[in-house]
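Just data_32.pdb here, PDB, C-alpha atoms:
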```
ATOM      1  CA  MET U   1      22.150  -3.070   3.291
ATOM      2  CA  PRO U   2      19.958  -5.869   1.931
ATOM      3  CA  TYR U   3      20.422  -9.316   3.441
ATOM      4  CA  ILE U   4      20.356 -10.945  -0.005
ATOM      5  CA  PRO U   5      21.881  -9.764  -3.295
ATOM      6  CA  VAL U   6      19.349  -7.559  -5.074
ATOM      7  CA  GLU U   7      19.948  -5.179  -7.943
ATOM      8  CA  GLU U   8      21.225  -1.891  -6.524
ATOM      9  CA  HIS U   9      19.040   0.250  -8.794
ATOM     10  CA  LEU U  10      15.844  -1.397  -7.486
ATOM     11  CA  PRO U  11      15.152  -0.363  -3.890
ATOM     12  CA  GLY U  12      12.298  -1.661  -1.787
ATOM     13  CA  ILE U  13       9.978  -4.363  -2.985
ATOM     14  CA  THR U  14      10.886  -3.995  -6.671
ATOM     15  CA  GLY U  15      14.337  -5.465  -6.088
ATOM     16  CA  LEU U  16      12.827  -8.382  -4.184
ATOM     17  CA  LEU U  17      10.240  -9.037  -6.884
ATOM     18  CA  GLU U  18      12.958  -9.021  -9.537
ATOM     19  CA  TYR U  19      15.106 -11.342  -7.402
ATOM     20  CA  ARG U  20      12.433 -14.052  -7.518
ATOM     21  CA  LYS U  21      10.177 -13.432 -10.497
ATOM     22  CA  ASP U  22       8.293 -16.738 -10.129
ATOM     23  CA  SER U  23       6.985 -15.858  -6.670
ATOM     24  CA  ALA U  24       6.618 -12.205  -7.705
ATOM     25  CA  GLN U  25       4.029 -12.883 -10.397
ATOM     26  CA  PRO U  26       1.175 -14.006  -8.120
ATOM     27  CA  ILE U  27       2.020 -11.154  -5.737
ATOM     28  CA  ARG U  28       1.844  -8.647  -8.586
ATOM     29  CA  ASP U  29      -1.388 -10.180  -9.919
ATOM     30  CA  LEU U  30      -3.130  -9.988  -6.538
ATOM     31  CA  THR U  31      -1.932  -6.437  -5.941
ATOM     32  CA  GLN U  32      -3.083  -5.352  -9.403
ATOM     33  CA  LEU U  33      -6.503  -6.893  -8.832
ATOM     34  CA  LEU U  34      -7.013  -5.393  -5.375
ATOM     35  CA  LEU U  35      -5.539  -1.938  -5.907
ATOM     36  CA  ARG U  36      -6.240  -1.289  -9.591
ATOM     37  CA  GLY U  37      -9.013  -3.715 -10.521
ATOM     38  CA  PRO U  38     -12.714  -2.886 -10.642
ATOM     39  CA  SER U  39     -13.948  -1.575  -7.302
ATOM     40  CA  THR U  40     -16.395   0.845  -5.777
ATOM     41  CA  LEU U  41     -13.422   2.204  -3.813
ATOM     42  CA  THR U  42     -11.279   4.622  -5.787
ATOM     43  CA  THR U  43      -7.645   3.837  -6.466
ATOM     44  CA  GLY U  44      -6.757   6.689  -4.118
ATOM     45  CA  GLU U  45      -8.877   5.211  -1.329
ATOM     46  CA  ARG U  46      -7.230   1.828  -1.781
ATOM     47  CA  GLU U  47      -3.803   3.480  -1.626
ATOM     48  CA  LEU U  48      -4.897   5.093   1.664
ATOM     49  CA  ILE U  49      -5.405   1.589   3.071
ATOM     50  CA  ALA U  50      -1.890   0.631   1.949
ATOM     51  CA  THR U  51      -0.556   3.861   3.464
ATOM     52  CA  ILE U  52      -2.153   3.519   6.886
ATOM     53  CA  VAL U  53      -1.077  -0.116   7.287
ATOM     54  CA  SER U  54       2.487   0.556   6.111
ATOM     55  CA  HIS U  55       2.731   3.592   8.400
ATOM     56  CA  ALA U  56       1.521   1.616  11.435
ATOM     57  CA  ASN U  57       4.003  -1.157  10.585
ATOM     58  CA  GLU U  58       6.760   1.482  10.442
ATOM     59  CA  CYS U  59       7.842   0.347   6.980
ATOM     60  CA  ARG U  60       9.506   3.510   5.682
ATOM     61  CA  PHE U  61       9.784   2.348   2.075
ATOM     62  CA  CYS U  62       6.143   1.253   1.718
ATOM     63  CA  THR U  63       4.818   4.226   3.692
ATOM     64  CA  SER U  64       6.722   6.664   1.470
ATOM     65  CA  ALA U  65       5.759   4.862  -1.742
ATOM     66  CA  HIS U  66       2.053   4.543  -0.999
ATOM     67  CA  THR U  67       1.751   7.979   0.558
ATOM     68  CA  ALA U  68       3.180   9.415  -2.663
ATOM     69  CA  ALA U  69       0.844   7.252  -4.773
ATOM     70  CA  ALA U  70      -2.220   8.230  -2.722
ATOM     71  CA  ASP U  71      -1.248  11.910  -2.881
ATOM     72  CA  LEU U  72      -0.900  11.691  -6.658
ATOM     73  CA  LEU U  73      -4.183   9.837  -7.122
ATOM     74  CA  LEU U  74      -6.086  12.097  -4.719
ATOM     75  CA  GLY U  75      -4.505  15.246  -6.131
ATOM     76  CA  GLU U  76      -3.529  16.564  -2.691
ATOM     77  CA  CYS U  77      -1.324  15.739   0.306
ATOM     78  CA  GLU U  78      -3.470  16.601   3.317
ATOM     79  CA  THR U  79      -5.443  13.364   3.498
ATOM     80  CA  THR U  80      -2.471  11.023   3.790
ATOM     81  CA  GLN U  81      -0.927  13.139   6.529
ATOM     82  CA  LYS U  82      -4.182  13.343   8.458
ATOM     83  CA  ILE U  83      -5.011   9.614   8.363
ATOM     84  CA  LYS U  84      -1.593   8.858   9.850
ATOM     85  CA  THR U  85      -2.372  10.954  12.929
ATOM     86  CA  ASP U  86      -6.149  10.774  13.319
ATOM     87  CA  ILE U  87      -8.455   8.840  11.025
ATOM     88  CA  GLN U  88     -11.602  10.366  12.538
ATOM     89  CA  SER U  89     -10.637  13.961  11.706
ATOM     90  CA  SER U  90      -9.327  13.139   8.236
ATOM     91  CA  PRO U  91     -11.069  14.600   5.168
ATOM     92  CA  VAL U  92     -12.573  11.304   3.941
ATOM     93  CA  SER U  93     -16.121   9.960   4.016
ATOM     94  CA  GLU U  94     -17.526   8.309   7.129
ATOM     95  CA  LYS U  95     -17.498   5.023   5.212
ATOM     96  CA  MET U  96     -13.793   5.436   4.429
ATOM     97  CA  LYS U  97     -13.044   6.306   8.054
ATOM     98  CA  ALA U  98     -14.725   3.050   9.103
ATOM     99  CA  LEU U  99     -12.787   1.063   6.477
ATOM    100  CA  LEU U 100      -9.474   2.673   7.456
ATOM    101  CA  THR U 101     -10.249   1.796  11.068
ATOM    102  CA  ILE U 102     -10.794  -1.826  10.037
ATOM    103  CA  ALA U 103      -7.488  -1.759   8.121
ATOM    104  CA  SER U 104      -5.767  -0.438  11.251
ATOM    105  CA  LEU U 105      -7.266  -3.248  13.294
ATOM    106  CA  VAL U 106      -6.077  -5.853  10.776
ATOM    107  CA  GLN U 107      -2.582  -4.341  10.998
ATOM    108  CA  LYS U 108      -2.556  -4.978  14.743
ATOM    109  CA  ASN U 109      -4.037  -8.464  14.583
ATOM    110  CA  GLY U 110      -6.758 -10.006  12.452
ATOM    111  CA  LYS U 111      -8.628 -10.906  15.613
ATOM    112  CA  ALA U 112      -8.713  -7.210  16.571
ATOM    113  CA  VAL U 113     -11.435  -6.710  13.942
ATOM    114  CA  THR U 114     -14.707  -6.748  15.841
ATOM    115  CA  THR U 115     -18.361  -7.216  15.042
ATOM    116  CA  GLU U 116     -18.793  -3.584  16.086
ATOM    117  CA  SER U 117     -16.196  -2.328  13.600
ATOM    118  CA  ILE U 118     -17.858  -4.272  10.773
ATOM    119  CA  THR U 119     -21.355  -3.153  11.820
ATOM    120  CA  LYS U 120     -20.203   0.473  11.884
ATOM    121  CA  ALA U 121     -18.667   0.187   8.403
ATOM    122  CA  LYS U 122     -21.899  -1.296   7.066
ATOM    123  CA  ALA U 123     -23.925   1.445   8.770
ATOM    124  CA  MET U 124     -21.716   3.990   6.989
ATOM    125  CA  GLY U 125     -22.507   2.356   3.639
ATOM    126  CA  ALA U 126     -19.633  -0.097   3.188
ATOM    127  CA  THR U 127     -20.527  -3.159   1.164
ATOM    128  CA  ASP U 128     -19.434  -6.674   1.998
ATOM    129  CA  ILE U 129     -16.971  -6.648  -0.911
ATOM    130  CA  GLU U 130     -15.480  -3.317   0.254
ATOM    131  CA  ILE U 131     -15.012  -4.768   3.736
ATOM    132  CA  HIS U 132     -13.518  -7.948   2.275
ATOM    133  CA  ASP U 133     -11.115  -6.034   0.054
ATOM    134  CA  THR U 134     -10.119  -3.677   2.885
ATOM    135  CA  VAL U 135      -9.189  -6.618   5.098
ATOM    136  CA  LEU U 136      -7.324  -8.351   2.274
ATOM    137  CA  ILE U 137      -5.425  -5.195   1.232
ATOM    138  CA  ALA U 138      -4.478  -4.563   4.873
ATOM    139  CA  ALA U 139      -3.296  -8.148   5.336
ATOM    140  CA  LEU U 140      -1.415  -8.034   2.044
ATOM    141  CA  PHE U 141       0.413  -4.878   3.043
ATOM    142  CA  CYS U 142       1.401  -6.447   6.351
ATOM    143  CA  LEU U 143       3.045  -9.143   4.217
ATOM    144  CA  TYR U 144       4.725  -6.556   1.954
ATOM    145  CA  ASN U 145       5.966  -4.513   4.911
ATOM    146  CA  ARG U 146       7.504  -7.576   6.520
ATOM    147  CA  TYR U 147       8.963  -8.719   3.186
ATOM    148  CA  VAL U 148      10.651  -5.350   2.555
ATOM    149  CA  ASP U 149      11.891  -4.861   6.117
ATOM    150  CA  GLY U 150      12.632  -8.533   6.778
ATOM    151  CA  LEU U 151      15.172  -8.546   3.944
ATOM    152  CA  SER U 152      16.442  -5.042   4.786
ATOM    153  CA  THR U 153      15.889  -3.578   1.333
ATOM    154  CA  VAL U 154      17.269  -0.207   0.377
ATOM    155  CA  THR U 155      15.034   2.693   1.389
ATOM    156  CA  PRO U 156      15.778   5.891  -0.540
ATOM    157  CA  THR U 157      15.552   9.129   1.417
ATOM    158  CA  ASP U 158      15.043  11.458  -1.554
ATOM    159  CA  PRO U 159      11.340  12.437  -1.833
ATOM    160  CA  ASN U 160      11.783  12.777  -5.608
ATOM    161  CA  PHE U 161      12.418   9.038  -5.842
ATOM    162  CA  TYR U 162       8.952   8.392  -4.390
ATOM    163  CA  LYS U 163       7.312  10.909  -6.724
ATOM    164  CA  GLY U 164       8.672   8.953  -9.683
ATOM    165  CA  LEU U 165       7.665   5.667  -8.091
ATOM    166  CA  ALA U 166       4.164   7.030  -7.457
ATOM    167  CA  GLU U 167       3.785   7.760 -11.160
ATOM    168  CA  ARG U 168       4.623   4.111 -11.941
ATOM    169  CA  ILE U 169       2.363   2.796  -9.157
ATOM    170  CA  ALA U 170      -0.540   4.967 -10.315
ATOM    171  CA  LYS U 171      -0.425   3.143 -13.648
ATOM    172  CA  GLY U 172      -0.529  -0.264 -12.000
ATOM    173  CA  TYR U 173       1.393  -2.995 -10.267
ATOM    174  CA  GLU U 174       2.315  -5.150 -13.224
ATOM    175  CA  ARG U 175       5.977  -5.663 -14.075
ATOM    176  CA  LEU U 176       7.171  -3.319 -16.771
ATOM    177  CA  PRO U 177       7.382  -5.398 -19.982
ATOM    178  CA  HIS U 178      10.969  -4.303 -20.621
ATOM    179  CA  GLY U 179      12.057  -4.668 -16.994
ATOM    180  CA  TYR U 180      13.854  -2.021 -14.958
ATOM    181  CA  ASP U 181      17.298  -1.664 -16.528
ATOM    182  CA  HIS U 182      16.352   1.874 -17.603
ATOM    183  CA  LEU U 183      16.476   2.859 -13.912
ATOM    184  CA  LYS U 184      20.200   2.068 -13.644
ATOM    185  CA  LYS U 185      22.388   5.111 -13.142
ATOM    186  CA  HIS U 186      24.951   5.397 -15.892
TER     187      HIS U 186
END
```

Let me see whether you can do it: turn the structure in this file into structure tokens.
Amino acid sequence: MPYIPVEEHLPGITGLLEYRKDSAQPIRDLTQLLLRGPSTLTTGERELIATIVSHANECRFCTSAHTAAADLLLGECETTQKIKTDIQSSPVSEKMKALLTIASLVQKNGKAVTTESITKAKAMGATDIEIHDTVLIAALFCLYNRYVDGLSTVTPTDPNFYKGLAERIAKGYERLPHGYDHLKKH
């Protein structure tokens, strides 16, 4: 049960963002820029970063949401499952393995990122902006995970909920112009 009154039909972060729309807007803008804006990393790859950080933080809502989004954007489910257990054997490029490793280090502690991890990512072809954005996405999802879990938001257990959410996420992170009343159960 959420610690503050949020709309029952808006589980997870959506309810929190609707609760305080003024603080939500910069959060949405930054998320849209980092996960859907121009990048040499695909949207699916950026969702993998969100997935691995949320999984390591044990945030069930964010892990389920971003796993579903990554699966949709990648067109398969194997990659998200594999990165959660073993990045090095996952079916992604060596560059992406290095970036996911950096994201995992950020999740533990920003100071866990080492010169060696950055050097390896660069050796695998990662650009400075890709490294920057990986660190920022990882840090941002640590914030989101703590926001969602720190206020004990509702976490649906039905996988179909996350499939529908993934379809919305795949389109972007901006607030729907008409809001979310259409999600209320009648």

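Note that CA of Val154 in chain U and CA of Glu7 in chain U are 10.1 Å apart.
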
Query raised in the report: Using the chain letters and numbers from the file, which residues does the PyMOL selection byres ((chain U and resi 40-54) around 8) grab, as a ChimeraX atom specification?
Result: /U:35-36,38-39,55-60,62-63,66-67,69-71,73-74,80,83-84,96,100,103-104,107,130,134,137-138,141-142,145

For the residues in that selection, give me C-alpha atoms as a PDB file, in the coordinates of the input.
```
ATOM      1  CA  LEU U  35      -5.539  -1.938  -5.907  1.00  0.00           C
ATOM      2  CA  ARG U  36      -6.240  -1.289  -9.591  1.00  0.00           C
ATOM      3  CA  PRO U  38     -12.714  -2.886 -10.642  1.00  0.00           C
ATOM      4  CA  SER U  39     -13.948  -1.575  -7.302  1.00  0.00           C
ATOM      5  CA  HIS U  55       2.731   3.592   8.400  1.00  0.00           C
ATOM      6  CA  ALA U  56       1.521   1.616  11.435  1.00  0.00           C
ATOM      7  CA  ASN U  57       4.003  -1.157  10.585  1.00  0.00           C
ATOM      8  CA  GLU U  58       6.760   1.482  10.442  1.00  0.00           C
ATOM      9  CA  CYS U  59       7.842   0.347   6.980  1.00  0.00           C
ATOM     10  CA  ARG U  60       9.506   3.510   5.682  1.00  0.00           C
ATOM     11  CA  CYS U  62       6.143   1.253   1.718  1.00  0.00           C
ATOM     12  CA  THR U  63       4.818   4.226   3.692  1.00  0.00           C
ATOM     13  CA  HIS U  66       2.053   4.543  -0.999  1.00  0.00           C
ATOM     14  CA  THR U  67       1.751   7.979   0.558  1.00  0.00           C
ATOM     15  CA  ALA U  69       0.844   7.252  -4.773  1.00  0.00           C
ATOM     16  CA  ALA U  70      -2.220   8.230  -2.722  1.00  0.00           C
ATOM     17  CA  ASP U  71      -1.248  11.910  -2.881  1.00  0.00           C
ATOM     18  CA  LEU U  73      -4.183   9.837  -7.122  1.00  0.00           C
ATOM     19  CA  LEU U  74      -6.086  12.097  -4.719  1.00  0.00           C
ATOM     20  CA  THR U  80      -2.471  11.023   3.790  1.00  0.00           C
ATOM     21  CA  ILE U  83      -5.011   9.614   8.363  1.00  0.00           C
ATOM     22  CA  LYS U  84      -1.593   8.858   9.850  1.00  0.00           C
ATOM     23  CA  MET U  96     -13.793   5.436   4.429  1.00  0.00           C
ATOM     24  CA  LEU U 100      -9.474   2.673   7.456  1.00  0.00           C
ATOM     25  CA  ALA U 103      -7.488  -1.759   8.121  1.00  0.00           C
ATOM     26  CA  SER U 104      -5.767  -0.438  11.251  1.00  0.00           C
ATOM     27  CA  GLN U 107      -2.582  -4.341  10.998  1.00  0.00           C
ATOM     28  CA  GLU U 130     -15.480  -3.317   0.254  1.00  0.00           C
ATOM     29  CA  THR U 134     -10.119  -3.677   2.885  1.00  0.00           C
ATOM     30  CA  ILE U 137      -5.425  -5.195   1.232  1.00  0.00           C
ATOM     31  CA  ALA U 138      -4.478  -4.563   4.873  1.00  0.00           C
ATOM     32  CA  PHE U 141       0.413  -4.878   3.043  1.00  0.00           C
ATOM     33  CA  CYS U 142       1.401  -6.447   6.351  1.00  0.00           C
ATOM     34  CA  ASN U 145       5.966  -4.513   4.911  1.00  0.00           C
TER      35      ASN U 145
END
```

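Taking CA of Ile87 in chain U as the reference point, CA of Thr31 in chain U is found at 23.7 Å.
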
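Computed from the coordinates, the CA of Asp133 in chain U to CA of Gly150 in chain U distance equals 24.8 Å.
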
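Residue nearest Lys111 in chain U within the list U:Leu72, U:Leu30, U:Val135, U:Val148: U:Val135 [criterion: smallest interatomic distance, only C-alpha atoms].
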
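For the structure in this document, the set picked by the PyMOL selection byres ((chain U and resi 115-122) around 8) is U:Lys95, U:Ala98, U:Leu99, U:Thr101, U:Ile102, U:Val113, U:Thr114, U:Ala123, U:Met124, U:Gly125, U:Ala126, U:Thr127, U:Asp128, U:Ile131.
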
Requested in this report: Would you write out, as a ChimeraX atom specification, every residue that the PyMOL selection byres ((chain U and resi 158-162) around 8) captures in this file?
Outcome: /U:64-65,68,156-157,163-166

Report task. Might you pull out every residue within 12 Å of Tyr180 in chain U, with all atoms listed in the file counted and same-chain residues fewer than 4 positions away left off, and present them as a list in words? Result -> Glu7, Glu8, His9, Leu10, Pro11, Thr14, Gly15, Leu17, Glu18, Arg168, Arg175, Leu176, Lys184 and Lys185 of chain U
